[in-house]
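Shown below: upload.pdb, with PDB, C-alpha atoms, pLDDT in the B column.
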```
ATOM      1  CA  MET A   1      -5.926  10.147 -64.325  1.00 49.00           C
ATOM      2  CA  GLY A   2      -8.868  11.512 -66.270  1.00 52.00           C
ATOM      3  CA  ARG A   3     -10.794  14.727 -66.030  1.00 47.00           C
ATOM      4  CA  THR A   4     -12.966  13.374 -63.185  1.00 46.00           C
ATOM      5  CA  GLY A   5      -9.871  12.666 -61.061  1.00 46.00           C
ATOM      6  CA  THR A   6      -8.541  16.192 -61.638  1.00 42.00           C
ATOM      7  CA  THR A   7     -11.900  17.697 -60.713  1.00 39.00           C
ATOM      8  CA  ARG A   8     -12.010  15.648 -57.515  1.00 40.00           C
ATOM      9  CA  ARG A   9      -8.478  16.690 -56.607  1.00 40.00           C
ATOM     10  CA  ARG A  10      -9.358  20.363 -57.099  1.00 40.00           C
ATOM     11  CA  ALA A  11     -12.487  19.961 -54.997  1.00 38.00           C
ATOM     12  CA  LEU A  12     -10.438  18.348 -52.232  1.00 37.00           C
ATOM     13  CA  MET A  13      -7.874  21.147 -52.383  1.00 39.00           C
ATOM     14  CA  VAL A  14     -10.579  23.823 -52.174  1.00 34.00           C
ATOM     15  CA  THR A  15     -12.278  22.003 -49.300  1.00 35.00           C
ATOM     16  CA  GLY A  16      -8.936  21.655 -47.508  1.00 38.00           C
ATOM     17  CA  ALA A  17      -8.153  25.330 -47.974  1.00 36.00           C
ATOM     18  CA  ALA A  18     -11.560  26.308 -46.619  1.00 36.00           C
ATOM     19  CA  ALA A  19     -11.095  24.062 -43.596  1.00 38.00           C
ATOM     20  CA  ALA A  20      -7.659  25.535 -42.953  1.00 40.00           C
ATOM     21  CA  ALA A  21      -9.123  29.044 -43.075  1.00 41.00           C
ATOM     22  CA  VAL A  22     -11.737  28.110 -40.491  1.00 41.00           C
ATOM     23  CA  LEU A  23      -9.167  26.478 -38.195  1.00 43.00           C
ATOM     24  CA  THR A  24      -6.846  29.472 -38.323  1.00 43.00           C
ATOM     25  CA  GLY A  25      -9.542  31.944 -37.406  1.00 44.00           C
ATOM     26  CA  CYS A  26     -10.741  33.350 -40.684  1.00 44.00           C
ATOM     27  CA  SER A  27      -9.746  33.942 -44.249  1.00 43.00           C
ATOM     28  CA  THR A  28      -7.562  36.792 -45.405  1.00 41.00           C
ATOM     29  CA  GLU A  29     -10.659  38.218 -47.047  1.00 42.00           C
ATOM     30  CA  GLU A  30     -12.511  38.127 -43.712  1.00 46.00           C
ATOM     31  CA  GLN A  31      -9.586  39.776 -41.918  1.00 44.00           C
ATOM     32  CA  GLU A  32      -9.521  42.547 -44.532  1.00 42.00           C
ATOM     33  CA  ARG A  33     -13.301  43.029 -44.180  1.00 40.00           C
ATOM     34  CA  ARG A  34     -12.906  43.420 -40.418  1.00 46.00           C
ATOM     35  CA  GLN A  35     -10.104  45.945 -40.821  1.00 44.00           C
ATOM     36  CA  THR A  36     -11.894  48.062 -43.420  1.00 39.00           C
ATOM     37  CA  SER A  37     -15.411  47.877 -41.995  1.00 42.00           C
ATOM     38  CA  GLY A  38     -14.432  49.640 -38.801  1.00 44.00           C
ATOM     39  CA  SER A  39     -16.327  47.039 -36.755  1.00 49.00           C
ATOM     40  CA  VAL A  40     -13.192  46.289 -34.780  1.00 49.00           C
ATOM     41  CA  ALA A  41     -11.378  49.548 -34.155  1.00 61.00           C
ATOM     42  CA  ASP A  42      -8.842  48.060 -31.770  1.00 82.00           C
ATOM     43  CA  PRO A  43      -7.993  44.382 -32.370  1.00 81.00           C
ATOM     44  CA  ALA A  44      -6.230  44.108 -29.001  1.00 81.00           C
ATOM     45  CA  ARG A  45      -9.301  45.411 -27.181  1.00 85.00           C
ATOM     46  CA  ALA A  46     -11.581  43.075 -29.149  1.00 86.00           C
ATOM     47  CA  GLU A  47      -9.372  40.084 -28.341  1.00 87.00           C
ATOM     48  CA  ALA A  48      -9.269  41.025 -24.648  1.00 86.00           C
ATOM     49  CA  ALA A  49     -13.073  41.255 -24.580  1.00 87.00           C
ATOM     50  CA  LEU A  50     -13.420  37.900 -26.332  1.00 89.00           C
ATOM     51  CA  ARG A  51     -10.904  36.300 -23.971  1.00 89.00           C
ATOM     52  CA  ARG A  52     -12.726  37.745 -20.945  1.00 89.00           C
ATOM     53  CA  ARG A  53     -16.068  36.395 -22.168  1.00 90.00           C
ATOM     54  CA  LEU A  54     -14.665  32.931 -22.906  1.00 91.00           C
ATOM     55  CA  ALA A  55     -12.645  32.739 -19.687  1.00 91.00           C
ATOM     56  CA  THR A  56     -15.718  33.802 -17.698  1.00 90.00           C
ATOM     57  CA  ALA A  57     -17.764  31.010 -19.281  1.00 91.00           C
ATOM     58  CA  SER A  58     -15.026  28.483 -18.535  1.00 92.00           C
ATOM     59  CA  GLY A  59     -14.732  29.909 -15.013  1.00 90.00           C
ATOM     60  CA  ALA A  60     -18.432  29.255 -14.463  1.00 92.00           C
ATOM     61  CA  LEU A  61     -17.830  25.669 -15.583  1.00 94.00           C
ATOM     62  CA  LEU A  62     -14.962  25.404 -13.100  1.00 93.00           C
ATOM     63  CA  ASP A  63     -17.309  26.652 -10.355  1.00 93.00           C
ATOM     64  CA  GLN A  64     -19.778  23.969 -11.375  1.00 94.00           C
ATOM     65  CA  TYR A  65     -17.092  21.287 -11.016  1.00 95.00           C
ATOM     66  CA  ASP A  66     -16.259  22.630  -7.550  1.00 94.00           C
ATOM     67  CA  ALA A  67     -19.929  22.611  -6.528  1.00 95.00           C
ATOM     68  CA  VAL A  68     -20.446  19.036  -7.736  1.00 96.00           C
ATOM     69  CA  ILE A  69     -17.300  17.828  -5.945  1.00 96.00           C
ATOM     70  CA  ALA A  70     -18.408  19.608  -2.754  1.00 95.00           C
ATOM     71  CA  GLN A  71     -21.891  18.075  -2.858  1.00 95.00           C
ATOM     72  CA  HIS A  72     -20.793  14.621  -4.102  1.00 96.00           C
ATOM     73  CA  PRO A  73     -17.332  13.924  -2.619  1.00 96.00           C
ATOM     74  CA  ALA A  74     -17.481  10.338  -3.910  1.00 96.00           C
ATOM     75  CA  LEU A  75     -17.162  11.756  -7.455  1.00 95.00           C
ATOM     76  CA  SER A  76     -13.977  13.634  -6.663  1.00 95.00           C
ATOM     77  CA  GLY A  77     -11.703  10.869  -7.973  1.00 93.00           C
ATOM     78  CA  GLN A  78     -13.553  10.877 -11.284  1.00 93.00           C
ATOM     79  CA  LEU A  79     -13.722  14.673 -11.588  1.00 96.00           C
ATOM     80  CA  THR A  80     -10.387  15.949 -10.255  1.00 95.00           C
ATOM     81  CA  ALA A  81      -8.422  15.556 -13.512  1.00 95.00           C
ATOM     82  CA  LEU A  82     -11.230  17.070 -15.606  1.00 96.00           C
ATOM     83  CA  ARG A  83     -11.558  19.963 -13.160  1.00 96.00           C
ATOM     84  CA  ALA A  84      -7.793  20.587 -13.338  1.00 96.00           C
ATOM     85  CA  ALA A  85      -7.964  20.723 -17.141  1.00 96.00           C
ATOM     86  CA  VAL A  86     -10.822  23.233 -16.994  1.00 96.00           C
ATOM     87  CA  ALA A  87      -8.784  25.368 -14.554  1.00 94.00           C
ATOM     88  CA  GLU A  88      -5.923  25.367 -17.075  1.00 94.00           C
ATOM     89  CA  HIS A  89      -8.361  26.369 -19.823  1.00 94.00           C
ATOM     90  CA  VAL A  90      -9.527  29.347 -17.748  1.00 92.00           C
ATOM     91  CA  THR A  91      -5.928  30.480 -17.249  1.00 91.00           C
ATOM     92  CA  ALA A  92      -5.019  30.015 -20.922  1.00 92.00           C
ATOM     93  CA  LEU A  93      -8.147  31.749 -22.189  1.00 91.00           C
ATOM     94  CA  ALA A  94      -7.806  34.679 -19.803  1.00 89.00           C
ATOM     95  CA  GLY A  95      -4.359  35.418 -21.148  1.00 81.00           C
ATOM     96  CA  PRO A  96      -2.214  38.289 -19.941  1.00 73.00           C
ATOM     97  CA  ALA A  97      -4.704  41.034 -20.847  1.00 62.00           C
ATOM     98  CA  VAL A  98      -7.475  39.801 -18.537  1.00 60.00           C
ATOM     99  CA  THR A  99      -6.733  40.710 -14.931  1.00 64.00           C
ATOM    100  CA  ALA A 100      -9.909  39.658 -13.093  1.00 66.00           C
ATOM    101  CA  LEU A 101     -12.995  37.714 -14.096  1.00 68.00           C
ATOM    102  CA  PRO A 102     -16.476  38.737 -12.994  1.00 70.00           C
ATOM    103  CA  ALA A 103     -18.090  36.691 -10.241  1.00 71.00           C
ATOM    104  CA  VAL A 104     -20.785  34.266 -11.312  1.00 72.00           C
ATOM    105  CA  ALA A 105     -23.609  32.964  -9.115  1.00 77.00           C
ATOM    106  CA  PRO A 106     -22.868  29.493  -7.737  1.00 71.00           C
ATOM    107  CA  PRO A 107     -24.586  26.771  -9.748  1.00 79.00           C
ATOM    108  CA  ALA A 108     -27.326  24.540  -8.383  1.00 88.00           C
ATOM    109  CA  VAL A 109     -26.192  20.928  -8.107  1.00 93.00           C
ATOM    110  CA  PRO A 110     -28.641  18.031  -8.470  1.00 94.00           C
ATOM    111  CA  ALA A 111     -28.929  15.858  -5.367  1.00 94.00           C
ATOM    112  CA  ASP A 112     -28.458  12.695  -7.458  1.00 95.00           C
ATOM    113  CA  ALA A 113     -24.819  12.045  -8.427  1.00 94.00           C
ATOM    114  CA  GLY A 114     -25.793  10.732 -11.867  1.00 94.00           C
ATOM    115  CA  ALA A 115     -27.854  13.846 -12.565  1.00 95.00           C
ATOM    116  CA  ALA A 116     -24.955  16.007 -11.383  1.00 95.00           C
ATOM    117  CA  LEU A 117     -22.634  14.287 -13.876  1.00 95.00           C
ATOM    118  CA  LYS A 118     -25.200  14.732 -16.625  1.00 95.00           C
ATOM    119  CA  ALA A 119     -25.478  18.449 -15.787  1.00 95.00           C
ATOM    120  CA  LEU A 120     -21.691  18.774 -15.951  1.00 95.00           C
ATOM    121  CA  ALA A 121     -21.642  17.015 -19.338  1.00 95.00           C
ATOM    122  CA  THR A 122     -24.326  19.388 -20.611  1.00 95.00           C
ATOM    123  CA  ALA A 123     -22.336  22.374 -19.358  1.00 94.00           C
ATOM    124  CA  GLU A 124     -19.163  21.028 -21.000  1.00 95.00           C
ATOM    125  CA  ARG A 125     -21.001  20.668 -24.332  1.00 95.00           C
ATOM    126  CA  ARG A 126     -22.479  24.173 -24.047  1.00 95.00           C
ATOM    127  CA  ILE A 127     -19.087  25.736 -23.321  1.00 94.00           C
ATOM    128  CA  SER A 128     -17.421  23.655 -26.053  1.00 95.00           C
ATOM    129  CA  ASP A 129     -20.034  24.855 -28.542  1.00 95.00           C
ATOM    130  CA  ALA A 130     -19.525  28.471 -27.438  1.00 93.00           C
ATOM    131  CA  HIS A 131     -15.766  28.178 -27.910  1.00 93.00           C
ATOM    132  CA  SER A 132     -16.269  26.638 -31.356  1.00 93.00           C
ATOM    133  CA  ALA A 133     -18.681  29.404 -32.344  1.00 93.00           C
ATOM    134  CA  SER A 134     -16.130  32.029 -31.258  1.00 92.00           C
ATOM    135  CA  LEU A 135     -13.514  30.709 -33.682  1.00 90.00           C
ATOM    136  CA  VAL A 136     -14.738  33.054 -36.411  1.00 90.00           C
ATOM    137  CA  ASP A 137     -14.184  36.104 -34.188  1.00 85.00           C
ATOM    138  CA  ALA A 138     -10.721  35.098 -32.982  1.00 89.00           C
ATOM    139  CA  GLU A 139      -7.322  35.929 -34.325  1.00 90.00           C
ATOM    140  CA  PRO A 140      -5.380  32.848 -35.511  1.00 91.00           C
ATOM    141  CA  GLU A 141      -3.444  32.182 -32.282  1.00 91.00           C
ATOM    142  CA  LEU A 142      -6.559  32.445 -30.113  1.00 91.00           C
ATOM    143  CA  ALA A 143      -8.557  30.417 -32.656  1.00 93.00           C
ATOM    144  CA  ARG A 144      -6.094  27.531 -32.340  1.00 94.00           C
ATOM    145  CA  LEU A 145      -6.405  27.672 -28.554  1.00 94.00           C
ATOM    146  CA  LEU A 146     -10.203  27.767 -28.790  1.00 94.00           C
ATOM    147  CA  ALA A 147     -10.262  24.779 -31.118  1.00 95.00           C
ATOM    148  CA  SER A 148      -8.131  22.838 -28.668  1.00 95.00           C
ATOM    149  CA  VAL A 149     -10.218  23.841 -25.636  1.00 95.00           C
ATOM    150  CA  ALA A 150     -13.455  23.058 -27.488  1.00 95.00           C
ATOM    151  CA  ALA A 151     -12.149  19.608 -28.408  1.00 95.00           C
ATOM    152  CA  ALA A 152     -11.112  18.988 -24.798  1.00 95.00           C
ATOM    153  CA  GLY A 153     -14.588  20.030 -23.624  1.00 95.00           C
ATOM    154  CA  ALA A 154     -16.195  17.590 -26.031  1.00 95.00           C
ATOM    155  CA  GLY A 155     -13.915  14.871 -24.674  1.00 95.00           C
ATOM    156  CA  HIS A 156     -14.867  15.797 -21.114  1.00 96.00           C
ATOM    157  CA  ALA A 157     -18.558  15.593 -21.996  1.00 95.00           C
ATOM    158  CA  TYR A 158     -18.016  12.110 -23.372  1.00 95.00           C
ATOM    159  CA  LEU A 159     -16.117  10.974 -20.288  1.00 94.00           C
ATOM    160  CA  LEU A 160     -18.797  12.384 -17.994  1.00 94.00           C
ATOM    161  CA  THR A 161     -21.522  10.419 -19.752  1.00 91.00           C
ATOM    162  CA  LYS A 162     -19.557   7.180 -20.121  1.00 85.00           C
ATOM    163  CA  ARG A 163     -21.219   4.619 -17.865  1.00 59.00           C
ATOM    164  CA  ASP A 164     -18.476   2.162 -16.960  1.00 48.00           C
ATOM    165  CA  SER A 165     -18.473   2.691 -13.202  1.00 45.00           C
TER     166      SER A 165
END
```

Would you mind writing the file's structure down as structure tokens?
Amino acid sequence: MGRTGTTRRRALMVTGAAAAAVLTGCSTEEQERRQTSGSVADPARAEAALRRRLATASGALLDQYDAVIAQHPALSGQLTALRAAVAEHVTALAGPAVTALPAVAPPAVPADAGAALKALATAERRISDAHSASLVDAEPELARLLASVAAAGAGHAYLLTKRDS
């Protein structure tokens, strides 16, 4: 293999290492910057606050599922499994440090079932994006959970917009 092949291999290795750093939360350099900058005095407190914020957002999504099912009972068969997954996400994100989540105002549900599904898909995408954006602030274990929950939310959004029924 010539020089071009070696250069490509190195580029792939660097790209792979960068991707791994993102998926595990942040690089060692970023972790050191956080520790020395004083921006996060207590990592446990910062993680609890992040978990509370993320669990609250997912809890609001769960409330939206409940409101849609209540207003459109015919959709319950389609939404029950997705709703159950979101409930598990809330529990996992809350973790042991979060004791109670703040109450959120009940969401407005469109009168049209199709519009209600579209609103749920939009909410799933918004929450998925928020979880993805929070990866950089999360410790590795929480970052892995967030990546998984964000991917599940993207899958839910797809399923909610799929028009096969």

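Among A:Gly153, A:Gly114, A:Gly59, A:Pro140, the residue with the shortest atom-to-atom distance to Ala87 in chain A, counting all atoms listed in the file, is A:Gly59.
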
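In this structure, CA of Asp66 in chain A sits 17.3 Å away from CA of Leu159 in chain A.
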
Practice task
Write out as a ChimeraX atom specification the residues lying within 7 Å of Thr161 in chain A, counting all atoms listed in the file and excluding same-chain residues fewer than 2 positions away.
Solution key: /A:118,121,157-159,163

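Computed from the coordinates, the CA of Glu47 in chain A to CA of Ala152 in chain A distance equals 21.5 Å.
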
Problem - Atom-to-atom span, CA of Gly95 in chain A and CA of Ala130 in chain A, Å - result: 17.8 Å

Practice task
Take the PyMOL selection byres ((chain A and resi 126) around 10), apply it to the structure above, and return the hits as a ChimeraX atom specification.
Solution key: /A:57,61,120-125,127-132,150,153-154,157

Handout entry: Closest of A:Ala133, A:Ala70, A:Val149, A:Ala55 to Pro110 in chain A - atom-to-atom distances counting only C-alpha atoms
Key = A:Ala70

Exercise for the section: Would you mind listing what lies within 10 Å of Leu145 in chain A as a VMD selection string, with all atoms listed in the file counted and same-chain residues fewer than 2 positions away left out? Expected result: chain A and resid 24 89 92 to 93 131 135 138 140 to 143 147 to 151

Practice task
Using the chain letters and numbering of this document, enumerate as a VMD selection string the residues selected by the PyMOL selection byres ((chain A and resi 63) around 10).
Solution key: chain A and resid 57 to 62 64 to 69 83 86 to 87 104 to 107

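Considering the residues A:Ser134, A:Glu139, A:Ala103, A:Leu146 and counting only C-alpha atoms, Thr56 in chain A has its shortest atom-to-atom contact with A:Ala103.
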
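Nearest residue to Pro96 in chain A, choosing from A:Ala48, A:Ala119, A:Val109, A:Leu160 and counting all atoms listed in the file: A:Ala48.
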
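Of the residues under consideration (A:Ala44, A:Ala85, A:Leu117, A:Leu50), A:Leu117 shows the shortest atom-to-atom contact distance to Gln71 in chain A when counting only C-alpha atoms.
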
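Counting only C-alpha atoms, the residue from A:Lys162, A:His156, A:Arg51, A:Ala116 that sits nearest to Leu82 in chain A is A:His156.
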
What would the file be for range 110-142 of chain A if you keep C-alpha atoms and write it as an mmCIF file, in the first residue's frame?
```
data_model
loop_
_atom_site.group_PDB
_atom_site.id
_atom_site.type_symbol
_atom_site.label_atom_id
_atom_site.label_comp_id
_atom_site.auth_asym_id
_atom_site.auth_seq_id
_atom_site.Cartn_x
_atom_site.Cartn_y
_atom_site.Cartn_z
ATOM 1 C CA PRO A 110 -54.954 18.526 18.297
ATOM 2 C CA ALA A 111 -58.518 17.385 17.642
ATOM 3 C CA ASP A 112 -57.417 15.548 14.478
ATOM 4 C CA ALA A 113 -55.732 12.191 15.182
ATOM 5 C CA GLY A 114 -53.241 12.654 12.338
ATOM 6 C CA ALA A 115 -52.237 16.071 13.662
ATOM 7 C CA ALA A 116 -51.886 14.597 17.151
ATOM 8 C CA LEU A 117 -49.484 11.952 15.809
ATOM 9 C CA LYS A 118 -47.535 14.615 13.951
ATOM 10 C CA ALA A 119 -47.273 16.682 17.153
ATOM 11 C CA LEU A 120 -45.993 13.626 19.026
ATOM 12 C CA ALA A 121 -43.405 12.982 16.296
ATOM 13 C CA THR A 122 -42.265 16.603 16.520
ATOM 14 C CA ALA A 123 -41.982 16.321 20.299
ATOM 15 C CA GLU A 124 -40.014 13.066 19.972
ATOM 16 C CA ARG A 125 -37.574 14.745 17.557
ATOM 17 C CA ARG A 126 -37.195 17.778 19.840
ATOM 18 C CA ILE A 127 -36.470 15.616 22.885
ATOM 19 C CA SER A 128 -34.134 13.368 20.869
ATOM 20 C CA ASP A 129 -32.213 16.434 19.701
ATOM 21 C CA ALA A 130 -32.008 17.753 23.274
ATOM 22 C CA HIS A 131 -30.638 14.433 24.515
ATOM 23 C CA SER A 132 -28.081 14.378 21.695
ATOM 24 C CA ALA A 133 -27.012 17.942 22.468
ATOM 25 C CA SER A 134 -26.529 17.010 26.139
ATOM 26 C CA LEU A 135 -23.991 14.313 25.278
ATOM 27 C CA VAL A 136 -21.129 16.800 25.552
ATOM 28 C CA ASP A 137 -22.105 17.692 29.130
ATOM 29 C CA ALA A 138 -22.564 14.113 30.326
ATOM 30 C CA GLU A 139 -20.162 11.752 31.970
ATOM 31 C CA PRO A 140 -19.464 8.619 29.879
ATOM 32 C CA GLU A 141 -22.088 6.339 31.470
ATOM 33 C CA LEU A 142 -24.844 8.945 31.159
#
```
